[in-house]
file start_22.cif (mmCIF, C-alpha atoms and all ligand atoms)
data_upload
loop_
_atom_site.label_atom_id
_atom_site.label_comp_id
_atom_site.auth_asym_id
_atom_site.auth_seq_id
_atom_site.Cartn_x
_atom_site.Cartn_y
_atom_site.Cartn_z
CA MET U 1263 -182.14 -61.29 -164.29
CA ASN U 1264 -184.25 -63.74 -166.21
CA HIS U 1265 -187.49 -61.73 -166.25
CA LEU U 1266 -185.80 -58.99 -168.30
CA HIS U 1267 -186.70 -58.63 -171.99
CA PRO U 1268 -184.39 -60.67 -174.33
CA ASP U 1269 -183.18 -57.42 -176.01
CA VAL U 1270 -182.15 -56.10 -172.61
CA LEU U 1271 -180.30 -59.34 -171.78
CA GLU U 1272 -178.50 -59.15 -175.12
CA PHE U 1273 -177.54 -55.55 -174.35
CA ARG U 1274 -176.05 -56.69 -171.02
CA GLY U 1275 -174.15 -59.50 -172.74
CA HIS U 1276 -172.42 -57.19 -175.24
CA LEU U 1277 -171.54 -54.69 -172.58
CA ALA U 1278 -170.27 -57.29 -170.09
CA ARG U 1279 -167.84 -58.55 -172.75
CA TRP U 1280 -166.52 -55.00 -173.31
CA VAL U 1281 -166.08 -54.55 -169.54
CA ASP U 1282 -164.19 -57.87 -169.22
CA GLU U 1283 -161.99 -57.30 -172.27
CA ARG U 1284 -161.39 -53.53 -172.22
CA LEU U 1285 -162.13 -51.99 -168.82
CA ILE U 1286 -161.10 -54.56 -166.20
CA PRO U 1287 -157.52 -54.96 -167.56
CA GLN U 1288 -157.01 -51.16 -167.21
CA ALA U 1289 -158.99 -50.50 -164.03
CA GLU U 1290 -156.12 -50.82 -161.53
CA LYS U 1291 -153.79 -48.57 -163.51
CA LEU U 1292 -156.44 -45.88 -164.00
CA ASP U 1293 -157.17 -45.88 -160.27
CA GLU U 1294 -153.51 -45.81 -159.29
CA HIS U 1295 -152.76 -42.87 -161.62
CA HIS U 1296 -156.06 -41.03 -160.90
CA GLU U 1297 -156.45 -41.05 -164.68
CA PHE U 1298 -159.55 -40.16 -166.68
CA SER U 1299 -159.39 -42.50 -169.69
CA PHE U 1300 -160.13 -40.48 -172.84
CA GLU U 1301 -159.42 -43.62 -174.88
CA LEU U 1302 -162.07 -45.80 -173.21
CA PHE U 1303 -164.50 -42.90 -172.96
CA ARG U 1304 -164.31 -42.21 -176.72
CA GLU U 1305 -164.56 -45.93 -177.46
CA LEU U 1306 -167.83 -46.19 -175.53
CA GLY U 1307 -169.11 -43.14 -177.40
CA GLU U 1308 -168.28 -44.71 -180.76
CA LEU U 1309 -170.12 -47.87 -179.67
CA GLY U 1310 -173.21 -45.71 -179.01
CA TYR U 1311 -173.49 -46.33 -175.27
CA PHE U 1312 -173.90 -42.66 -174.30
CA GLY U 1313 -177.10 -42.61 -176.33
CA VAL U 1314 -178.79 -45.45 -174.42
CA MET U 1315 -181.41 -43.17 -172.84
CA TYR U 1316 -182.32 -41.23 -175.96
CA PRO U 1317 -184.41 -41.82 -179.09
CA GLU U 1318 -182.73 -42.08 -182.51
CA SER U 1319 -184.20 -38.70 -183.48
CA ALA U 1320 -182.05 -37.08 -180.76
CA GLY U 1321 -178.89 -38.98 -181.74
CA GLY U 1322 -179.49 -41.85 -179.29
CA ILE U 1323 -179.89 -45.53 -180.06
CA GLY U 1324 -183.65 -45.77 -179.48
CA LEU U 1325 -183.92 -48.72 -177.10
CA SER U 1326 -187.26 -50.12 -175.92
CA HIS U 1327 -186.25 -50.02 -172.19
CA PRO U 1328 -183.93 -47.00 -172.00
CA TYR U 1329 -183.82 -46.56 -168.20
CA THR U 1330 -183.32 -50.26 -167.54
CA CYS U 1331 -180.53 -50.39 -170.14
CA TYR U 1332 -178.85 -47.30 -168.69
CA THR U 1333 -179.05 -48.93 -165.25
CA ILE U 1334 -177.34 -52.00 -166.75
CA LEU U 1335 -174.69 -49.75 -168.32
CA CYS U 1336 -173.87 -48.16 -164.95
CA GLU U 1337 -173.91 -51.50 -163.11
CA GLU U 1338 -171.73 -53.37 -165.62
CA LEU U 1339 -169.17 -50.56 -165.92
CA ALA U 1340 -168.96 -50.23 -162.12
CA ARG U 1341 -168.24 -53.96 -161.93
CA GLY U 1342 -165.01 -53.01 -163.70
CA SER U 1343 -164.35 -49.51 -162.34
CA MET U 1344 -166.78 -47.27 -160.48
CA GLY U 1345 -164.60 -44.25 -161.22
CA PHE U 1346 -164.88 -44.78 -164.97
CA ALA U 1347 -168.57 -45.68 -164.64
CA ALA U 1348 -169.26 -42.45 -162.72
CA ALA U 1349 -167.82 -40.38 -165.58
CA VAL U 1350 -169.94 -42.24 -168.15
CA CYS U 1351 -173.03 -42.04 -165.93
CA MET U 1352 -172.68 -38.24 -165.84
CA GLN U 1353 -172.20 -38.01 -169.63
CA GLY U 1354 -175.19 -40.05 -170.75
CA SER U 1355 -177.49 -38.88 -167.96
CA THR U 1356 -177.51 -35.55 -166.08
CA ALA U 1357 -175.09 -33.64 -168.34
CA THR U 1358 -177.07 -34.41 -171.50
CA HIS U 1359 -180.57 -35.02 -170.09
CA THR U 1360 -181.04 -31.29 -169.42
CA ILE U 1361 -180.28 -30.39 -173.05
CA HIS U 1362 -182.43 -33.21 -174.37
CA GLU U 1363 -185.39 -32.10 -172.24
CA TRP U 1364 -185.14 -28.31 -172.35
CA GLY U 1365 -182.51 -27.35 -174.94
CA ASN U 1366 -183.23 -25.73 -178.31
CA ASP U 1367 -182.15 -27.21 -181.66
CA VAL U 1368 -178.86 -25.28 -181.72
CA LEU U 1369 -177.84 -26.62 -178.28
CA LYS U 1370 -178.82 -30.12 -179.36
CA GLU U 1371 -176.68 -29.90 -182.53
CA THR U 1372 -173.74 -28.22 -180.79
CA TYR U 1373 -173.56 -30.25 -177.57
CA LEU U 1374 -176.04 -33.13 -177.27
CA ARG U 1375 -175.34 -35.01 -180.51
CA PRO U 1376 -171.51 -34.74 -180.29
CA ALA U 1377 -171.71 -35.78 -176.60
CA LEU U 1378 -173.73 -38.88 -177.47
CA ARG U 1379 -171.03 -39.79 -180.03
CA GLY U 1380 -168.34 -39.31 -177.36
CA GLU U 1381 -166.83 -36.33 -179.19
CA LYS U 1382 -167.65 -33.80 -176.47
CA ILE U 1383 -167.61 -34.28 -172.72
CA GLY U 1384 -170.33 -32.89 -170.45
CA ALA U 1385 -170.68 -32.06 -166.76
CA PHE U 1386 -173.38 -30.87 -164.38
CA ALA U 1387 -172.57 -28.34 -161.66
CA ILE U 1388 -174.89 -27.41 -158.82
CA THR U 1389 -172.77 -27.99 -155.66
CA GLU U 1390 -170.79 -25.06 -154.24
CA PRO U 1391 -168.38 -24.85 -151.32
CA ASN U 1392 -171.19 -23.52 -149.07
CA ALA U 1393 -174.15 -25.19 -150.78
CA GLY U 1394 -174.16 -29.01 -150.84
CA SER U 1395 -177.26 -30.73 -149.45
CA ASP U 1396 -178.85 -27.29 -149.28
CA ALA U 1397 -178.25 -26.74 -153.00
CA ALA U 1398 -180.93 -24.08 -153.29
CA SER U 1399 -178.78 -21.72 -151.19
CA LEU U 1400 -176.15 -21.57 -153.96
CA ARG U 1401 -174.61 -18.18 -154.73
CA THR U 1402 -173.36 -18.39 -158.33
CA ARG U 1403 -175.08 -15.44 -159.94
CA ALA U 1404 -176.40 -14.99 -163.48
CA THR U 1405 -176.98 -11.30 -164.15
CA LYS U 1406 -179.08 -10.30 -167.16
CA VAL U 1407 -177.21 -8.19 -169.73
CA ASP U 1408 -177.89 -7.29 -173.34
CA GLY U 1409 -178.23 -10.57 -175.34
CA GLY U 1410 -177.48 -12.91 -172.45
CA TYR U 1411 -176.18 -13.31 -168.91
CA ARG U 1412 -172.93 -12.68 -167.03
CA ILE U 1413 -172.05 -15.56 -164.69
CA ASN U 1414 -169.98 -15.05 -161.53
CA GLY U 1415 -169.27 -17.62 -158.84
CA SER U 1416 -167.70 -21.01 -158.18
CA LYS U 1417 -168.58 -24.69 -158.07
CA ILE U 1418 -167.02 -27.64 -156.28
CA PHE U 1419 -167.01 -31.44 -156.74
CA THR U 1420 -167.95 -31.16 -160.44
CA SER U 1421 -167.51 -34.59 -162.04
CA ASN U 1422 -165.78 -34.41 -165.47
CA GLY U 1423 -165.03 -30.77 -164.51
CA THR U 1424 -161.45 -30.43 -165.83
CA VAL U 1425 -162.15 -32.39 -169.02
CA ALA U 1426 -165.59 -31.00 -169.90
CA ASP U 1427 -166.38 -29.18 -173.15
CA PHE U 1428 -169.71 -27.97 -171.75
CA ILE U 1429 -171.37 -27.76 -168.36
CA THR U 1430 -175.00 -27.59 -167.30
CA LEU U 1431 -174.64 -24.92 -164.65
CA VAL U 1432 -177.21 -24.06 -161.99
CA ALA U 1433 -177.12 -20.36 -161.05
CA THR U 1434 -179.45 -17.83 -159.47
CA VAL U 1435 -181.02 -15.04 -161.48
CA ASP U 1436 -182.58 -13.63 -158.28
CA PRO U 1437 -180.90 -14.43 -154.93
CA GLY U 1438 -183.91 -13.04 -153.05
CA LYS U 1439 -186.14 -15.82 -154.46
CA GLY U 1440 -184.12 -18.82 -153.14
CA ALA U 1441 -184.92 -22.06 -155.02
CA LYS U 1442 -187.45 -20.17 -157.16
CA GLY U 1443 -184.68 -17.92 -158.52
CA LEU U 1444 -182.55 -20.70 -160.05
CA GLU U 1445 -182.01 -21.28 -163.78
CA LEU U 1446 -179.99 -23.78 -165.84
CA PHE U 1447 -177.37 -22.56 -168.30
CA ILE U 1448 -175.20 -24.36 -170.81
CA VAL U 1449 -171.67 -23.03 -170.38
CA ASP U 1450 -169.06 -23.68 -173.06
CA THR U 1451 -165.76 -24.22 -171.25
CA LYS U 1452 -163.91 -22.37 -174.05
CA SER U 1453 -165.68 -19.15 -173.01
CA PRO U 1454 -163.50 -16.38 -171.55
CA GLY U 1455 -164.04 -16.26 -167.77
CA PHE U 1456 -164.11 -20.03 -167.27
CA ARG U 1457 -161.37 -21.22 -164.94
CA ILE U 1458 -160.45 -24.62 -163.52
CA GLY U 1459 -159.53 -23.98 -159.89
CA ARG U 1460 -158.00 -27.40 -159.34
CA LYS U 1461 -158.51 -31.09 -159.95
CA LEU U 1462 -159.48 -32.53 -156.56
CA ASP U 1463 -157.45 -35.34 -155.02
CA LYS U 1464 -159.62 -38.05 -153.46
CA PHE U 1465 -159.48 -41.60 -152.05
CA SER U 1466 -162.66 -42.85 -153.78
CA VAL U 1467 -163.52 -43.13 -157.50
CA ARG U 1468 -160.01 -41.86 -158.22
CA CYS U 1469 -160.16 -42.20 -162.01
CA SER U 1470 -163.24 -39.99 -162.22
CA ASP U 1471 -162.31 -36.35 -162.67
CA THR U 1472 -163.58 -34.08 -159.88
CA ALA U 1473 -163.00 -30.33 -160.03
CA GLU U 1474 -163.30 -26.96 -158.41
CA LEU U 1475 -164.39 -24.41 -161.03
CA SER U 1476 -164.87 -20.66 -161.16
CA PHE U 1477 -166.76 -18.30 -163.45
CA ASP U 1478 -165.56 -14.74 -163.73
CA ASP U 1479 -167.90 -12.46 -165.69
CA LEU U 1480 -168.47 -15.33 -168.12
CA PHE U 1481 -170.97 -14.44 -170.87
CA VAL U 1482 -173.65 -16.93 -171.93
CA PRO U 1483 -176.05 -15.97 -174.72
CA ASP U 1484 -179.81 -15.98 -174.08
CA ASP U 1485 -180.32 -19.19 -176.06
CA HIS U 1486 -177.98 -21.06 -173.66
CA CYS U 1487 -180.47 -20.56 -170.81
CA LEU U 1488 -182.69 -23.66 -170.48
CA GLY U 1489 -185.68 -21.60 -169.36
CA ASP U 1490 -187.30 -18.19 -169.63
CA GLY U 1491 -184.85 -16.53 -167.22
CA GLN U 1492 -187.56 -16.22 -164.56
CA GLY U 1493 -186.31 -19.13 -162.43
CA GLY U 1494 -187.72 -22.59 -163.20
CA GLY U 1495 -184.33 -24.26 -162.96
CA PHE U 1496 -184.57 -25.92 -159.57
CA ARG U 1497 -187.47 -28.14 -160.63
CA LYS U 1498 -185.56 -29.11 -163.79
CA ALA U 1499 -182.34 -29.87 -161.90
CA TYR U 1500 -184.34 -31.87 -159.36
CA GLN U 1501 -185.97 -33.88 -162.16
CA SER U 1502 -182.59 -34.74 -163.71
CA LEU U 1503 -181.05 -35.59 -160.35
CA THR U 1504 -184.00 -37.80 -159.39
CA VAL U 1505 -183.57 -40.22 -162.28
CA ASP U 1506 -179.81 -40.12 -161.79
CA ARG U 1507 -180.29 -41.68 -158.33
CA ILE U 1508 -181.29 -44.96 -159.94
CA PHE U 1509 -178.02 -44.94 -161.90
CA THR U 1510 -176.00 -44.13 -158.78
CA ALA U 1511 -177.68 -47.10 -157.09
CA ALA U 1512 -176.55 -49.18 -160.10
CA LEU U 1513 -172.96 -48.00 -159.62
CA ALA U 1514 -173.09 -49.30 -156.04
CA LEU U 1515 -174.58 -52.58 -157.22
CA GLY U 1516 -171.86 -53.14 -159.84
CA THR U 1517 -169.00 -52.60 -157.42
CA GLY U 1518 -170.79 -54.66 -154.75
CA ARG U 1519 -171.03 -57.55 -157.23
CA ALA U 1520 -167.33 -57.29 -158.04
CA ALA U 1521 -166.47 -57.38 -154.30
CA TYR U 1522 -168.78 -60.34 -153.67
CA ASP U 1523 -167.42 -62.32 -156.65
CA ALA U 1524 -163.82 -61.68 -155.55
CA ALA U 1525 -164.55 -62.68 -151.91
CA LEU U 1526 -166.42 -65.84 -152.93
CA ARG U 1527 -163.50 -66.90 -155.14
CA TYR U 1528 -160.99 -66.13 -152.42
CA ALA U 1529 -162.99 -68.08 -149.81
CA GLY U 1530 -162.61 -71.17 -152.02
CA GLU U 1531 -158.89 -70.65 -152.72
CA ARG U 1532 -157.48 -69.56 -149.35
CA SER U 1533 -156.73 -72.36 -146.88
CA GLN U 1534 -156.22 -72.06 -143.12
CA PHE U 1535 -156.33 -74.77 -140.45
CA GLY U 1536 -156.19 -77.36 -143.24
CA GLN U 1537 -159.31 -76.28 -145.13
CA ALA U 1538 -160.66 -73.55 -147.41
CA ILE U 1539 -161.76 -70.57 -145.30
CA GLY U 1540 -165.13 -70.82 -147.07
CA LYS U 1541 -165.75 -73.96 -145.00
CA PHE U 1542 -165.84 -71.86 -141.81
CA GLN U 1543 -169.39 -70.92 -140.91
CA ALA U 1544 -168.37 -67.37 -139.96
CA VAL U 1545 -167.09 -66.78 -143.53
CA GLN U 1546 -170.12 -68.51 -145.07
CA PHE U 1547 -172.51 -66.31 -143.09
CA LYS U 1548 -170.71 -63.20 -144.28
CA LEU U 1549 -170.98 -64.31 -147.91
CA VAL U 1550 -174.66 -65.17 -147.53
CA ASP U 1551 -175.38 -61.81 -145.91
CA MET U 1552 -173.51 -60.12 -148.78
CA LEU U 1553 -175.60 -62.01 -151.32
CA ALA U 1554 -178.79 -61.02 -149.48
CA LYS U 1555 -177.81 -57.33 -149.60
CA LEU U 1556 -176.89 -57.57 -153.29
CA GLU U 1557 -180.16 -59.26 -154.24
CA GLN U 1558 -182.12 -56.63 -152.31
CA ALA U 1559 -180.18 -53.87 -154.09
CA ARG U 1560 -180.55 -55.52 -157.50
CA LEU U 1561 -184.28 -56.16 -157.24
CA TYR U 1562 -185.08 -52.70 -155.93
CA THR U 1563 -182.83 -50.81 -158.36
CA TYR U 1564 -184.35 -52.60 -161.37
CA HIS U 1565 -187.83 -52.10 -159.91
CA ALA U 1566 -187.15 -48.34 -159.92
CA SER U 1567 -185.77 -48.38 -163.49
CA ALA U 1568 -188.79 -50.40 -164.71
CA LEU U 1569 -191.10 -47.76 -163.21
CA ALA U 1570 -189.11 -45.05 -165.02
CA ASP U 1571 -189.44 -46.99 -168.30
CA ASN U 1572 -193.22 -47.10 -167.74
CA GLY U 1573 -193.36 -43.34 -167.15
CA GLN U 1574 -194.48 -43.77 -163.53
CA PRO U 1575 -193.45 -41.52 -160.61
CA ILE U 1576 -190.08 -42.48 -159.12
CA THR U 1577 -189.29 -39.87 -156.44
CA THR U 1578 -189.64 -42.33 -153.54
CA GLU U 1579 -188.36 -45.38 -155.41
CA ALA U 1580 -185.21 -43.71 -156.79
CA ALA U 1581 -184.30 -42.39 -153.33
CA LEU U 1582 -184.98 -45.80 -151.74
CA ALA U 1583 -182.92 -47.55 -154.44
CA LYS U 1584 -179.99 -45.25 -153.65
CA ILE U 1585 -180.29 -45.95 -149.90
CA ILE U 1586 -180.68 -49.72 -150.30
CA ALA U 1587 -177.93 -50.14 -152.91
CA GLY U 1588 -175.59 -47.41 -151.61
CA ASP U 1589 -175.55 -48.38 -147.94
CA GLY U 1590 -176.00 -52.10 -148.70
CA CYS U 1591 -173.09 -52.37 -151.14
CA ASN U 1592 -170.78 -50.43 -148.83
CA ASP U 1593 -171.54 -53.14 -146.25
CA VAL U 1594 -170.89 -55.84 -148.89
CA CYS U 1595 -167.49 -54.29 -149.65
CA GLN U 1596 -166.55 -54.05 -145.96
CA LYS U 1597 -167.36 -57.74 -145.48
CA ALA U 1598 -165.43 -58.63 -148.65
CA LEU U 1599 -162.36 -56.83 -147.33
CA SER U 1600 -162.54 -58.75 -144.05
CA ILE U 1601 -162.69 -62.10 -145.90
CA PHE U 1602 -159.36 -61.22 -147.53
CA GLY U 1603 -157.72 -60.77 -144.08
CA GLY U 1604 -154.37 -58.95 -144.36
CA TYR U 1605 -154.37 -59.30 -148.15
CA GLY U 1606 -157.47 -57.10 -148.21
CA LEU U 1607 -155.30 -54.18 -147.16
CA MET U 1608 -152.79 -54.73 -149.98
CA ASN U 1609 -153.06 -52.60 -153.08
CA GLU U 1610 -152.33 -55.60 -155.31
CA PHE U 1611 -155.85 -56.91 -154.50
CA PRO U 1612 -158.70 -54.79 -155.93
CA VAL U 1613 -160.97 -55.37 -152.92
CA GLN U 1614 -159.57 -52.26 -151.20
CA ARG U 1615 -160.51 -50.23 -154.33
CA PHE U 1616 -164.01 -51.66 -154.26
CA LEU U 1617 -164.41 -50.56 -150.63
CA ARG U 1618 -162.96 -47.09 -151.28
CA ASP U 1619 -165.23 -46.62 -154.30
CA SER U 1620 -168.32 -47.87 -152.44
CA TYR U 1621 -168.41 -44.63 -150.40
CA PHE U 1622 -169.19 -42.54 -153.48
CA PRO U 1623 -172.82 -43.68 -154.07
CA MET U 1624 -173.62 -42.77 -150.44
CA VAL U 1625 -172.68 -39.12 -151.22
CA GLY U 1626 -172.89 -38.36 -154.98
CA GLY U 1627 -176.29 -37.04 -156.08
CA GLY U 1628 -177.26 -36.41 -152.43
CA THR U 1629 -176.21 -38.24 -149.26
CA SER U 1630 -178.07 -41.29 -147.94
CA ASP U 1631 -179.55 -39.15 -145.16
CA ILE U 1632 -180.77 -36.59 -147.70
CA MET U 1633 -182.44 -39.53 -149.51
CA ARG U 1634 -184.13 -40.35 -146.18
CA THR U 1635 -185.41 -36.75 -145.89
CA ILE U 1636 -186.87 -37.03 -149.43
CA VAL U 1637 -188.68 -40.28 -148.59
CA ALA U 1638 -189.85 -38.86 -145.24
CA ARG U 1639 -191.52 -36.00 -147.12
CA GLN U 1640 -193.07 -38.43 -149.60
CA ILE U 1641 -194.67 -40.44 -146.79
CA GLY U 1642 -196.13 -37.29 -145.28
CA LEU U 1643 -193.66 -36.57 -142.45
C1 LIG U 1701 -166.77 -37.68 -155.95
C2 LIG U 1701 -167.91 -36.70 -155.97
C3 LIG U 1701 -168.47 -36.32 -157.16
C4 LIG U 1701 -169.49 -35.36 -157.19
N1 LIG U 1701 -169.98 -34.93 -158.40
C5 LIG U 1701 -170.82 -33.87 -158.43
C6 LIG U 1701 -171.20 -33.28 -159.68
O1 LIG U 1701 -170.82 -33.74 -160.76
N2 LIG U 1701 -171.96 -32.15 -159.66
C7 LIG U 1701 -172.41 -31.58 -158.50
O2 LIG U 1701 -173.10 -30.58 -158.56
N3 LIG U 1701 -172.09 -32.15 -157.29
C8 LIG U 1701 -171.30 -33.25 -157.24
N4 LIG U 1701 -170.95 -33.81 -156.02
C9 LIG U 1701 -171.42 -33.19 -154.80
C10 LIG U 1701 -172.40 -34.03 -153.97
O3 LIG U 1701 -173.66 -34.03 -154.58
C11 LIG U 1701 -172.40 -33.42 -152.56
O4 LIG U 1701 -171.13 -33.72 -151.98
C12 LIG U 1701 -173.51 -33.95 -151.69
O5 LIG U 1701 -174.77 -33.49 -152.17
C13 LIG U 1701 -173.34 -33.52 -150.23
O6 LIG U 1701 -173.05 -32.14 -150.10
P1 LIG U 1701 -171.81 -31.70 -149.16
O7 LIG U 1701 -170.64 -32.49 -149.57
O8 LIG U 1701 -171.71 -30.23 -149.21
O9 LIG U 1701 -172.22 -32.17 -147.69
P2 LIG U 1701 -173.13 -31.38 -146.65
O10 LIG U 1701 -174.40 -30.93 -147.29
O11 LIG U 1701 -172.30 -30.37 -145.95
O12 LIG U 1701 -173.48 -32.56 -145.62
C14 LIG U 1701 -172.62 -32.96 -144.56
C15 LIG U 1701 -173.36 -33.96 -143.68
O13 LIG U 1701 -174.55 -33.35 -143.12
C16 LIG U 1701 -175.68 -34.14 -143.44
N5 LIG U 1701 -176.84 -33.26 -143.66
C17 LIG U 1701 -176.87 -32.07 -144.33
N6 LIG U 1701 -178.13 -31.60 -144.36
C18 LIG U 1701 -178.90 -32.49 -143.72
C19 LIG U 1701 -180.29 -32.57 -143.42
N7 LIG U 1701 -181.16 -31.64 -143.83
N8 LIG U 1701 -180.74 -33.65 -142.74
C20 LIG U 1701 -179.90 -34.62 -142.34
N9 LIG U 1701 -178.55 -34.60 -142.60
C21 LIG U 1701 -178.09 -33.56 -143.27
C22 LIG U 1701 -175.31 -34.89 -144.70
O14 LIG U 1701 -176.09 -36.08 -144.85
C23 LIG U 1701 -173.84 -35.20 -144.46
O15 LIG U 1701 -173.72 -36.32 -143.65
C24 LIG U 1701 -169.97 -34.81 -155.97
C25 LIG U 1701 -169.42 -35.25 -154.75
C26 LIG U 1701 -168.42 -36.18 -154.74
C27 LIG U 1701 -167.84 -36.61 -153.42
#

call {"tool": "encode", "arguments": {"input": "start_22.cif", "output": "structure tokens", "more": "lines below"}}
Ligand SMILES: Cc1cc2nc3c(=O)[nH]c(=O)nc-3n(C[C@H](O)[C@H](O)[C@H](O)COP(=O)(O)OP(=O)(O)OC[C@H]3O[C@@H](n4cnc5c(N)ncnc54)[C@H](O)[C@@H]3O)c2cc1C
result
Amino acid sequence: MNHLHPDVLEFRGHLARWVDERLIPQAEKLDEHHEFSFELFRELGELGYFGVMYPESAGGIGLSHPYTCYTILCEELARGSMGFAAAVCMQGSTATHTIHEWGNDVLKETYLRPALRGEKIGAFAITEPNAGSDAASLRTRATKVDGGYRINGSKIFTSNGTVADFITLVATVDPGKGAKGLELFIVDTKSPGFRIGRKLDKFSVRCSDTAELSFDDLFVPDDHCLGDGQGGGFRKAYQSLTVDRIFTAALALGTGRAAYDAALRYAGERSQFGQAIGKFQAVQFKLVDMLAKLEQARLYTYHASALADNGQPITTEAALAKIIAGDGCNDVCQKALSIFGGYGLMNEFPVQRFLRDSYFPMVGGGTSDIMRTIVARQIGL
């Protein structure tokens, strides 16, 4: 993207080299073994990449275009492995953003700074077995007791859930108040009452860790509540999840690029009927349509991140970016698989992984149809 600032282009260059040299050679193995890579995760932390969104005063790296650079981080990592990228995306965004925005100094010292160095792993848990799109109907309860709260309930689909040191948990302090009764809490996973139900087995983003968690009379002190205990948590969670949509769009874009690059290469190498299959117009049209979808996704995703860098409203744009990139890159991956013919179905070719992974951005952080309901509200419907 030539119109990007030279510092931003340099940032992409460094990162792309790390992805080519460190992540891509391990991506297949991590996916096959459903393995969360502590080694690569820590390495990225040491290199400072978890701090891309934050100023130096908070332990970040103080970049001039933090949202654009974080979008690049998610895109480039997803070019290598969306599963790994999803774990990183959670760490440097939603899991830490809440503490950066609303945490006190003790929480920042205990969780935020070590997380930005890659020494602690964070997660964000709002979804419950009976509360997905309708997150405000969640039932996990925080009951006020002397000096803090007792948490009871369960969460599902928590990314980084079995490996997390701390979790930003959304719970209700007053079930009668619906969305207005929600608060955010920082839960230390070493606390008595924290239990990992199970690590979930899935066909997409297999090397990201996804968990079912439960909280049984778990005590959190007052200063681990990111509010006044009266229920302002839904607005805060919504704010964190809104910006995260741009990064989820970037995950889709990165994997879409990998699928397009692989299919373009294959179209030049594979011969049938005495010529490269890329000489057949049907294959050419597929590749051109893939490029059109990718360009649309790229331009719109970076438009949304530029707005975020300028402090402008992004509710509509972040949701649109997630629709355009999420749905578009799933289509790119389906077309890529078809260009590989029978080989597309073989595990030795990564194109099947790209397609499997491309379903995640259409669900994580809110489904594509929920994004449509957000935009419908924004345009007055
Ligand atoms: C791999 C993975 C990682 C995840 N990581 C996290 C995480 O770290 N933390 C976390 O809290 N959550 C996480 N999630 C949860 C994710 O945000 C939810 O799965 C998502 O919001 C959808 O909720 P649901 O699965 O309960 O689907 P449901 O809400 O049950 O939706 C089912 C279907 O109904 C449709 N639908 C529902 N309501 C409406 C409506 N009003 N209008 C139109 N259609 C509607 C949906 O679009 C969908 O097609 C993760 C999910 C996955 C798969």

call {"tool": "closest_residue", "arguments": {"input": "start_22.cif", "among": "U:Cys1487, U:Ala1638, U:Leu1607, U:Cys1591", "to": "ligand LIG 1701 (chain U)", "atoms": "only C-alpha atoms and all ligand atoms"}}
result
U:Ala1638

call {"tool": "residues_around", "arguments": {"input": "start_22.cif", "residues": "segment 1354-1369 of chain U", "least_positions_apart": "2", "cutoff": "8 Å", "atoms": "all atoms listed in the file", "output": "number ranges by chain"}}
result
U: 1311-1315, 1320, 1350-1352, 1371-1374, 1377-1378, 1384-1386, 1429-1430, 1485-1486, 1488-1489, 1498-1499, 1502-1503, 1506

call {"tool": "axis_aligned_box", "arguments": {"input": "start_22.cif", "around": "segment 1294-1297 of chain U", "padding_each_side": "3 Å", "output": "JSON"}}
result
{"center_x": -154.6, "center_y": -43.4, "center_z": -162.0, "size_x": 9.7, "size_y": 10.8, "size_z": 11.4}

call {"tool": "atom_distance", "arguments": {"input": "start_22.cif", "atom1": "atom CA of Ala1278 of chain U", "atom2": "atom CA of Ser1470 of chain U"}}
result
20.3 Å

call {"tool": "residues_near_ligand", "arguments": {"input": "start_22.cif", "ligand": "ligand LIG 1701 (chain U)", "cutoff": "7 Å", "atoms": "all atoms listed in the file", "output": "VMD selection string"}}
result
chain U and resid 1385 to 1389 1391 to 1396 1418 to 1422 1466 to 1467 1472 1622 1625 to 1632 1635

call {"tool": "closest_atom_pairs", "arguments": {"input": "start_22.cif", "of": "segment 1474-1542 of chain U", "to": "segment 1451-1454 of chain U", "cutoff": "12 Å", "atoms": "all atoms listed in the file", "output": "JSON lines"}}
result
{"residue": "U:Leu1475", "atom": "CA", "partner": "U:Thr1451", "partner_atom": "CA", "distance": 10.3}
{"residue": "U:Ser1476", "atom": "CA", "partner": "U:Thr1451", "partner_atom": "CA", "distance": 10.7}
{"residue": "U:Phe1477", "atom": "CA", "partner": "U:Pro1454", "partner_atom": "CA", "distance": 8.9}
{"residue": "U:Asp1478", "atom": "CA", "partner": "U:Pro1454", "partner_atom": "CA", "distance": 8.3}
{"residue": "U:Asp1479", "atom": "CA", "partner": "U:Pro1454", "partner_atom": "CA", "distance": 8.3}
{"residue": "U:Leu1480", "atom": "CA", "partner": "U:Pro1454", "partner_atom": "CA", "distance": 6.1}
{"residue": "U:Phe1481", "atom": "CA", "partner": "U:Ser1453", "partner_atom": "CA", "distance": 7.4}
{"residue": "U:Val1482", "atom": "CA", "partner": "U:Ser1453", "partner_atom": "CA", "distance": 8.3}
{"residue": "U:Pro1483", "atom": "CA", "partner": "U:Ser1453", "partner_atom": "CA", "distance": 11.0}

call {"tool": "write_last_selection", "arguments": {"input": "start_22.cif", "atoms": "C-alpha atoms", "output": "PDB file, in the frame of the given file"}}
result
ATOM      1  CA  LEU U1475    -164.390 -24.410-161.030  1.00  0.00           C
ATOM      2  CA  SER U1476    -164.870 -20.660-161.160  1.00  0.00           C
ATOM      3  CA  PHE U1477    -166.760 -18.300-163.450  1.00  0.00           C
ATOM      4  CA  ASP U1478    -165.560 -14.740-163.730  1.00  0.00           C
ATOM      5  CA  ASP U1479    -167.900 -12.460-165.690  1.00  0.00           C
ATOM      6  CA  LEU U1480    -168.470 -15.330-168.120  1.00  0.00           C
ATOM      7  CA  PHE U1481    -170.970 -14.440-170.870  1.00  0.00           C
ATOM      8  CA  VAL U1482    -173.650 -16.930-171.930  1.00  0.00           C
ATOM      9  CA  PRO U1483    -176.050 -15.970-174.720  1.00  0.00           C
TER      10      PRO U1483
END
